[in-house]
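**Student:** Got a structure here, written out as structure tokens. Questions coming.
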Amino acid sequence: MLARTVFTPQTTARCRPDAGAPRLAAKPNSAGPALRCVALLALLAMAACSARFDFREVRTADYLVALPGKPQTQTRDVDYAGPGGPTKLSMTMTSSGIGPTLFAVGVVALPAAAVAPEQVDTTAAWFREALLRNARGKLIAAQPVSVAAPAGRTLRLAQAVRAQGETPKGGMAGQASGAVVAARFIVVDDRLYQVVALGAEAELTPAVLDTFFDSFRLL
């Protein structure tokens, strides 16, 4: 699904300095060995985040997102089983990754019937299940999430998804290991945005996922 062509980012943004770092209240004479140790560990964690995933801001025609390395873009057909019967849709996927860890944003224009109020939940569920099939994933949780829509655009659905899936082990076909699948499905106007992170739980820490998902912004 992710055969790639290079997409050139315009600006750079590394892991947020405050991502995942403990917040320490300053108190007179409170600094001591234990406090200095906690601060040092937080700095080491942030350094590891920046070194492992060199997030850079990528701008497309209608969204911004931070991706590590050099993103690549592919457009492919999707056989969507919608309310009006099977329909061939076109999804554009911009993705990048480090080793078996993948970050991606897919965008697809939907037919009017698919974004009707009584149908939009079913539409998002169809794309969610397609993602889980591709990742050999099992759904853990799906819940609404807050997303800001630009002025003049209509937010129809925003959902956060977490699942347990599989990712190739050592890049060798046929050898897979457990993976976290974290995703956002967002429907604005007639567009569905599929924002996905897939990788080992040790790699996709809360700080890394926050950096990725918080960076996504509709234009």
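Numbering starts fresh at 1 for the residues of each chain in the structure tokens, the chains themselves are lettered A, B, ... in the order given, and ligands are numbered from 1 as they appear.
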Got a sec: who's within 6 Å of Leu102 (chain A), counting only C-alpha atoms, leaving out chain neighbours fewer than 2 positions off, as number ranges by chain?
**Tutor:** A: 96-97, 197-198
**Student:** Create the file for the chosen residues now, containing C-alpha atoms and written as a compact mmCIF listing (two decimals), in the first residue's frame.
**Tutor:**
# COMPACT_ATOMS: atom_id res chain seq x y z
CA SER A 96 7.80 7.80 6.45
CA GLY A 97 9.39 5.62 9.08
CA ALA A 197 1.39 5.33 13.68
CA LEU A 198 2.44 1.68 13.62
**Student:** At a cut-off of 12 Å, can you tabulate as JSON lines every residue of region 46-124 of chain A near region 142-154 of chain A together with its closest atom pair and the distance in Å to one decimal, using only C-alpha atoms and ordering rows by chain then number?
**Tutor:**
{"residue": "A:Asp62", "atom": "CA", "partner": "A:Pro150", "partner_atom": "CA", "distance": 10.1}
{"residue": "A:Tyr63", "atom": "CA", "partner": "A:Pro150", "partner_atom": "CA", "distance": 10.3}
{"residue": "A:Val115", "atom": "CA", "partner": "A:Thr154", "partner_atom": "CA", "distance": 10.8}
{"residue": "A:Ala116", "atom": "CA", "partner": "A:Thr154", "partner_atom": "CA", "distance": 11.9}
{"residue": "A:Pro117", "atom": "CA", "partner": "A:Thr154", "partner_atom": "CA", "distance": 11.7}
{"residue": "A:Asp121", "atom": "CA", "partner": "A:Pro144", "partner_atom": "CA", "distance": 11.0}
{"residue": "A:Ala124", "atom": "CA", "partner": "A:Ala142", "partner_atom": "CA", "distance": 10.9}
**Student:** Since we have the selection now, will you write its residues out, keeping N, CA, C and O atoms, as a PDB file, in the first residue's frame?
**Tutor:**
ATOM      1  N   ASP A  62      -3.700  20.626   2.106  1.00  0.00           N
ATOM      2  CA  ASP A  62      -4.758  20.864   3.092  1.00  0.00           C
ATOM      3  C   ASP A  62      -4.440  20.412   4.508  1.00  0.00           C
ATOM      4  O   ASP A  62      -5.326  20.404   5.361  1.00  0.00           O
ATOM      5  N   TYR A  63      -3.188  20.037   4.818  1.00  0.00           N
ATOM      6  CA  TYR A  63      -2.844  19.746   6.212  1.00  0.00           C
ATOM      7  C   TYR A  63      -1.348  19.910   6.457  1.00  0.00           C
ATOM      8  O   TYR A  63      -0.537  19.915   5.522  1.00  0.00           O
ATOM      9  N   VAL A 115     -20.790  10.692   3.705  1.00  0.00           N
ATOM     10  CA  VAL A 115     -20.581  11.669   4.776  1.00  0.00           C
ATOM     11  C   VAL A 115     -21.903  12.204   5.324  1.00  0.00           C
ATOM     12  O   VAL A 115     -21.910  13.147   6.127  1.00  0.00           O
ATOM     13  N   ALA A 116     -23.010  11.617   4.912  1.00  0.00           N
ATOM     14  CA  ALA A 116     -24.310  11.998   5.478  1.00  0.00           C
ATOM     15  C   ALA A 116     -24.304  11.710   6.974  1.00  0.00           C
ATOM     16  O   ALA A 116     -23.646  10.760   7.425  1.00  0.00           O
ATOM     17  N   PRO A 117     -24.995  12.513   7.785  1.00  0.00           N
ATOM     18  CA  PRO A 117     -24.962  12.334   9.243  1.00  0.00           C
ATOM     19  C   PRO A 117     -25.268  10.914   9.707  1.00  0.00           C
ATOM     20  O   PRO A 117     -24.650  10.415  10.644  1.00  0.00           O
ATOM     21  N   ASP A 121     -20.459   7.576  10.610  1.00  0.00           N
ATOM     22  CA  ASP A 121     -19.852   6.632  11.560  1.00  0.00           C
ATOM     23  C   ASP A 121     -19.530   5.301  10.884  1.00  0.00           C
ATOM     24  O   ASP A 121     -18.474   4.704  11.118  1.00  0.00           O
ATOM     25  N   ALA A 124     -16.426   5.743   8.636  1.00  0.00           N
ATOM     26  CA  ALA A 124     -15.174   5.709   9.389  1.00  0.00           C
ATOM     27  C   ALA A 124     -14.851   4.297   9.851  1.00  0.00           C
ATOM     28  O   ALA A 124     -13.693   3.866   9.833  1.00  0.00           O
TER      29      ALA A 124
END
**Student:** What is the distance between CA of Ile140 (chain A) and CA of Thr211 (chain A), in Å to one decimal?
**Tutor:**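 Value for the CA of Ile140 (chain A)-CA of Thr211 (chain A) distance: 21.5 Å.
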**Student:** Determine, counting only C-alpha atoms, which protein, DNA and RNA residues have an atom within 8 Å of an atom of Ile98 (chain A); residues of the same chain fewer than 6 positions away are not included. Present the result as a CSV table (one decimal) with all heavy atoms, in the first residue's frame.
**Tutor:**
chain,number,residue,atom,x,y,z
A,52,ARG,N,16.1,9.4,17.7
A,52,ARG,CA,15.4,8.3,17.0
A,52,ARG,C,14.5,8.7,15.9
A,52,ARG,O,14.5,8.2,14.8
A,52,ARG,CB,14.7,7.5,18.1
A,52,ARG,CG,14.0,6.3,17.5
A,52,ARG,CD,14.9,5.3,16.9
A,52,ARG,NE,14.2,4.0,16.5
A,52,ARG,CZ,14.7,3.2,15.6
A,52,ARG,NH1,15.8,3.4,15.0
A,52,ARG,NH2,14.0,2.1,15.4
A,53,PHE,N,13.6,9.7,16.2
A,53,PHE,CA,12.6,10.2,15.3
A,53,PHE,C,12.9,11.7,15.0
A,53,PHE,O,12.4,12.5,15.8
A,53,PHE,CB,11.2,9.9,15.7
A,53,PHE,CG,10.9,8.5,16.0
A,53,PHE,CD1,10.7,8.0,17.2
A,53,PHE,CD2,10.8,7.6,14.9
A,53,PHE,CE1,10.4,6.6,17.4
A,53,PHE,CE2,10.6,6.3,15.0
A,53,PHE,CZ,10.4,5.8,16.3
A,68,PRO,N,9.0,11.8,10.6
A,68,PRO,CA,10.5,11.6,10.7
A,68,PRO,C,11.1,11.3,9.3
A,68,PRO,O,10.5,10.7,8.5
A,68,PRO,CB,10.6,10.4,11.6
A,68,PRO,CG,9.4,9.6,11.4
A,68,PRO,CD,8.3,10.6,11.0
A,69,GLY,N,12.3,11.8,9.1
A,69,GLY,CA,13.0,11.5,7.9
A,69,GLY,C,12.5,12.1,6.7
A,69,GLY,O,11.9,13.2,6.7
**Student:** Tell me which of A:Gln194, A:Ile186, A:Leu131, A:Leu64 sits closest to Ala163 (chain A), counting only C-alpha atoms.
**Tutor:**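 Checking each candidate against Ala163 (chain A), we get A:Leu131 as the closest.
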**Student:** DSSP says alpha helix (DSSP H) for which residues of region 45-88 of chain A? Put them as a PyMOL selection string?
**Tutor:** chain A and resi 45-52
**Student:** Tell me which protein, DNA and RNA residues are within 8 Å of Ala113 (chain A), counting only C-alpha atoms, leaving out same-chain ones fewer than 3 positions away, and put them as a PyMOL selection string.
**Tutor:** chain A and resi 83-84+116+119
**Student:** Quick one: pull the distance between CA of Glu201 (chain A) and CA of Arg59 (chain A), Å, one decimal.
**Tutor:**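 About the pair CA of Glu201 (chain A) and CA of Arg59 (chain A): they are 27.4 Å apart.
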**Student:** Give me, as a PyMOL selection string, the residues of region 37-186 of chain A that a backbone DSSP run labels strand (DSSP E).
**Tutor:** chain A and resi 55-59+63-68+72-82+85-98+101-109+138-144+155-169+172-186
**Student:** Could you tell me which of A:Glu118, A:Ala183, A:Arg217, A:Trp126 comes closest to Arg156 (chain A) if we count only C-alpha atoms?
**Tutor:**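 Of A:Glu118, A:Ala183, A:Arg217, A:Trp126, the one nearest Arg156 (chain A), counting only C-alpha atoms, is A:Glu118.
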**Student:** Within 6 Å of Gly199 (chain A), counting only C-alpha atoms, which residues qualify if same-chain residues fewer than 5 places away don't, as a short mmCIF file (atom, residue, chain, number, x, y, z; two decimals) with all heavy atoms, in the first residue's frame?
**Tutor:**
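Everything below was put into out-v8.cif:
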data_model
loop_
_atom_site.label_atom_id
_atom_site.label_comp_id
_atom_site.auth_asym_id
_atom_site.auth_seq_id
_atom_site.Cartn_x
_atom_site.Cartn_y
_atom_site.Cartn_z
N THR A 101 9.01 0.96 12.11
CA THR A 101 8.05 1.92 12.66
C THR A 101 7.59 2.88 11.57
O THR A 101 8.40 3.49 10.89
CB THR A 101 8.68 2.71 13.82
OG1 THR A 101 9.17 1.80 14.80
CG2 THR A 101 7.66 3.63 14.46
N ALA A 179 2.86 -5.21 17.71
CA ALA A 179 2.99 -3.78 17.43
C ALA A 179 1.78 -3.03 17.94
O ALA A 179 0.70 -3.59 18.10
CB ALA A 179 3.15 -3.54 15.93
N VAL A 180 1.98 -1.75 18.18
CA VAL A 180 0.90 -0.85 18.53
C VAL A 180 0.41 -0.17 17.24
O VAL A 180 1.21 0.24 16.40
CB VAL A 180 1.38 0.23 19.52
CG1 VAL A 180 0.33 1.33 19.68
CG2 VAL A 180 1.68 -0.40 20.87
#
**Student:** Between CA of Val105 (chain A) and CA of Lys88 (chain A), what distance in Å does the model show, to one decimal?
**Tutor:**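 Computing the Euclidean distance for CA of Val105 (chain A) and CA of Lys88 (chain A) yields 19.3 Å.
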